[in-house]
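Below is one structure, written out as structure tokens; the observations come after it.
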Amino acid sequence: MFSNGNRLERQLKPTDLRGILKYVPMFRDHTFIIAIDGSIVEHENFQNLILDIAVLRSLNINVVIVHGIGKQLRDMAKAQRKALSDVYGEGVTDDATMALAREAVGIVSQSIIEGLTHANLKCAITNAVRATQVGVLDGVDQKLTGKVEKIDAPLIRSLLAQDIIPLVSPILCDRNGVSLRANSDSVAADLAIALGASKLIYLTPFPGLVIDGDLKVNLNLQDLVAELKRKSVTIEERLRGKAHFAIHALENGTQRAHILDGRTNGGLLAEIFDKVGTGSMIHANDYDSIRPAKKKDAPAIYAITKNAVQKKSLVQRTHAHIEAHTEDYFVYEIDGSIIGCACLRKFDDMPGTLEVCSVYVQPFYQNRGVGRKLLAYAEFLARERGAKSLITFTTQTYGFFRSVCDFEDAAPEAIPPSRLEEIRANGRNSKALVKKL
């Protein structure tokens with residue numbers, strides 16, 4: 001990265017395009033929530049940022065934009081010599097502040113619309129996010145300050161399906177059509193949860209999440225929670241708020257949250273498609289929802305895989321067979337319900353090779369990264385057990401294993417003889433794949 005006047009730029013390396021191609025199938029049809037600070041909309045890099053969003057759309061990544069108005073609100077109040085009761089939608093919003101906030105929203109929203117239009121991207125301001133008044137906190141009436149009450153996810157998904165980028169402002173309406181001022185970072189986190197977004201991205205005027213003077217490039221969710229609880233921790237207040245909202249999103253299913261400098265040319269794409277990135281990434285504990293199966297899980301595993309058996313994507317295994325081999329299974333659980341499973345099989349005639357099989361995720365949770373996590377966990381277990389390679393056989397998910405999970409076509413010698421004999425006998429004509437560990 002180098003500086004050009006006041007502008008930061010990240011140079012594109014020849015290897016970057018190859019790196020991007022690796023991530024394309026991983027993120028295709030995923031949803032990213034991009035929260036843009038009001039100051040970034042006014043920065044000279046904003047149009048470059050819009051072009052980065054156009055690149056994401058060209059790769060079939062769904063984008064929802066949420067914008068802030070803090071800088072514009074402060075500038076307008078100063079120009080008009082008016083006092084603000086609150087700037088960021090976290091304290092009391094009086095009538096005068098709301099009037100300025102409505103003006104600021106119009107200015108910022110129009111700037112974003114102009115940028116998206118210039119990039120030949122369709123967008124729509126939507127009322128899909130409904131608010132309710134915060135009410136009284138510690139005896140103080142918060143007046144026109146609101147919080148998210150309900151999100152019309154089907155409406156937003158309908159817009160995305162029509163190649164339209166939904167644009168959400170921090171002025172929301174309640175069920176009676178009354179405007180309320182909300183915190184844009186909080187709105188973005190709630191949208192990420194409601195839409196099952198795989199990434200929540202905060203574009204800020206900061207280099208990333210700076211704690212005690214150090215830029216945190218990669219943080220585990222639990223580590224971030226612990227950092228923020230330290231009494232001696234030093235963190236800019238605006239970043240603290242974004243960190244807390246990121247935690248809220250990750251604790252409710254979002255896989256990754258990013259905090260990065262929106263003033264850096266190419267920074268958004270680098271953060272997503274480069275292993276190092278340019279800002280801070282906070283990641284959930286991918287294996288928290290995965291556990292070894294128990295005997296009592298056999299009925300649930302049998303039930304969720306039955307649909308795949310009917311579609312001939314999985315080999316049929318009886319309830320009795322699953323119960324007898326429960327120790328080979330692991331499951332993905334959400335709120336006490338099993339929504340995905342997989343199995344690791346060992347072979348006496350090739351101890352260094354394990355097979356991952358019976359990989360299945362319930363339809364509602366497909367395309368949300370659950371299958372990828374199950375495969376990653378299978379690799380983790382296989383390595384722990386000393387395996388040198390992981391094999392699998394598939395009739396309908398060849399592309400997933402090849403493109404997303406980095407498996408390669410397997411030669412016959414990579415397959416245990418006993419398993420090779422089974423494959424030849426069952427007539428399914430499955431494709432064999434292998435991954436070196």
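Chain labels follow the order of the structure tokens: the first chain is A, the next B, and so on; residue numbering restarts at 1 in every chain, and ligands are counted from 1 in their shown order.
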
When you look at Leu203 of chain A with a cut-off of 9 Å (counting only C-alpha atoms), what residues show up, excluding the ones that are within fewer than 6 positions of it in the same chain? I need them as a PDB file with N, CA, C and O atoms, in the first residue's frame.
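Saved the output as part-v7.pdb:
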ATOM      1  N   ILE A  34     -22.830  -3.855   3.656  1.00  0.00           N
ATOM      2  CA  ILE A  34     -21.763  -2.859   3.649  1.00  0.00           C
ATOM      3  C   ILE A  34     -22.282  -1.575   4.293  1.00  0.00           C
ATOM      4  O   ILE A  34     -23.200  -0.932   3.774  1.00  0.00           O
ATOM      5  N   ALA A  35     -21.713  -1.233   5.445  1.00  0.00           N
ATOM      6  CA  ALA A  35     -22.103  -0.028   6.177  1.00  0.00           C
ATOM      7  C   ALA A  35     -21.069   1.057   5.911  1.00  0.00           C
ATOM      8  O   ALA A  35     -19.882   0.889   6.230  1.00  0.00           O
ATOM      9  N   ILE A  36     -21.495   2.161   5.322  1.00  0.00           N
ATOM     10  CA  ILE A  36     -20.578   3.220   4.900  1.00  0.00           C
ATOM     11  C   ILE A  36     -20.762   4.446   5.793  1.00  0.00           C
ATOM     12  O   ILE A  36     -21.854   5.014   5.874  1.00  0.00           O
ATOM     13  N   ASP A  37     -19.695   4.857   6.463  1.00  0.00           N
ATOM     14  CA  ASP A  37     -19.748   6.073   7.261  1.00  0.00           C
ATOM     15  C   ASP A  37     -20.041   7.272   6.358  1.00  0.00           C
ATOM     16  O   ASP A  37     -19.591   7.324   5.210  1.00  0.00           O
ATOM     17  N   ILE A  40     -17.101   8.847   4.585  1.00  0.00           N
ATOM     18  CA  ILE A  40     -16.544   8.130   3.432  1.00  0.00           C
ATOM     19  C   ILE A  40     -17.268   8.535   2.149  1.00  0.00           C
ATOM     20  O   ILE A  40     -16.671   8.596   1.072  1.00  0.00           O
ATOM     21  N   HIS A 258     -15.931  -7.150   9.281  1.00  0.00           N
ATOM     22  CA  HIS A 258     -14.716  -6.449   8.879  1.00  0.00           C
ATOM     23  C   HIS A 258     -14.861  -4.971   9.214  1.00  0.00           C
ATOM     24  O   HIS A 258     -15.914  -4.374   8.990  1.00  0.00           O
ATOM     25  N   ILE A 259     -13.789  -4.390   9.736  1.00  0.00           N
ATOM     26  CA  ILE A 259     -13.726  -2.952   9.978  1.00  0.00           C
ATOM     27  C   ILE A 259     -12.499  -2.446   9.241  1.00  0.00           C
ATOM     28  O   ILE A 259     -11.372  -2.863   9.539  1.00  0.00           O
ATOM     29  N   LEU A 260     -12.698  -1.580   8.245  1.00  0.00           N
ATOM     30  CA  LEU A 260     -11.564  -1.146   7.440  1.00  0.00           C
ATOM     31  C   LEU A 260     -11.711   0.300   6.983  1.00  0.00           C
ATOM     32  O   LEU A 260     -12.780   0.905   7.134  1.00  0.00           O
ATOM     33  N   ASP A 261     -10.629   0.813   6.449  1.00  0.00           N
ATOM     34  CA  ASP A 261     -10.561   2.203   6.010  1.00  0.00           C
ATOM     35  C   ASP A 261     -11.204   2.346   4.637  1.00  0.00           C
ATOM     36  O   ASP A 261     -10.701   1.818   3.643  1.00  0.00           O
ATOM     37  N   GLY A 262     -12.310   3.065   4.576  1.00  0.00           N
ATOM     38  CA  GLY A 262     -13.005   3.267   3.311  1.00  0.00           C
ATOM     39  C   GLY A 262     -12.323   4.279   2.413  1.00  0.00           C
ATOM     40  O   GLY A 262     -12.743   4.491   1.280  1.00  0.00           O
ATOM     41  N   ARG A 263     -11.243   4.904   2.905  1.00  0.00           N
ATOM     42  CA  ARG A 263     -10.525   5.898   2.104  1.00  0.00           C
ATOM     43  C   ARG A 263      -9.407   5.265   1.278  1.00  0.00           C
ATOM     44  O   ARG A 263      -8.767   5.944   0.476  1.00  0.00           O
ATOM     45  N   LEU A 268     -11.442  -2.378  -0.155  1.00  0.00           N
ATOM     46  CA  LEU A 268     -12.572  -3.290   0.039  1.00  0.00           C
ATOM     47  C   LEU A 268     -12.294  -4.630  -0.631  1.00  0.00           C
ATOM     48  O   LEU A 268     -12.480  -5.692  -0.025  1.00  0.00           O
TER      49      LEU A 268
END

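Within 6 Å of segment 236-251 of chain A there are Ser186, Ala189, Ile193, Ala257 and Ala284 of chain A, counting only C-alpha atoms and ignoring same-chain residues fewer than 5 positions away.
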
Counting only C-alpha atoms, which residue out of A:Ser198, A:Thr132, A:Asn183, A:Thr326 sits closest to Val63 of chain A?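 For Val63 of chain A, the nearest of the candidates is A:Ser198.
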
Expressed in Å to a single decimal, how great is the separation between atom CA of Ile211 of chain A and atom CA of Leu269 of chain A? 23.8 Å

From a DSSP pass on the backbone, collect the residues of segment 284-403 of chain A flagged as helix (DSSP H, G or I) and hand them back as a PyMOL selection string. chain A and resi 295-310+319-324+326-328+363-365+370-384+398-403

Output as JSON lines one row per residue of segment 175-226 of chain A within 6 Å of segment 146-168 of chain A: the closest atom pair and its distance in Å to one decimal place, counting only C-alpha atoms, sorted by chain and residue number ascending.
{"residue": "A:Leu180", "atom": "CA", "partner": "A:Gly146", "partner_atom": "CA", "distance": 5.0}
{"residue": "A:Arg181", "atom": "CA", "partner": "A:Gly146", "partner_atom": "CA", "distance": 5.4}
{"residue": "A:Ala182", "atom": "CA", "partner": "A:Gly146", "partner_atom": "CA", "distance": 5.0}
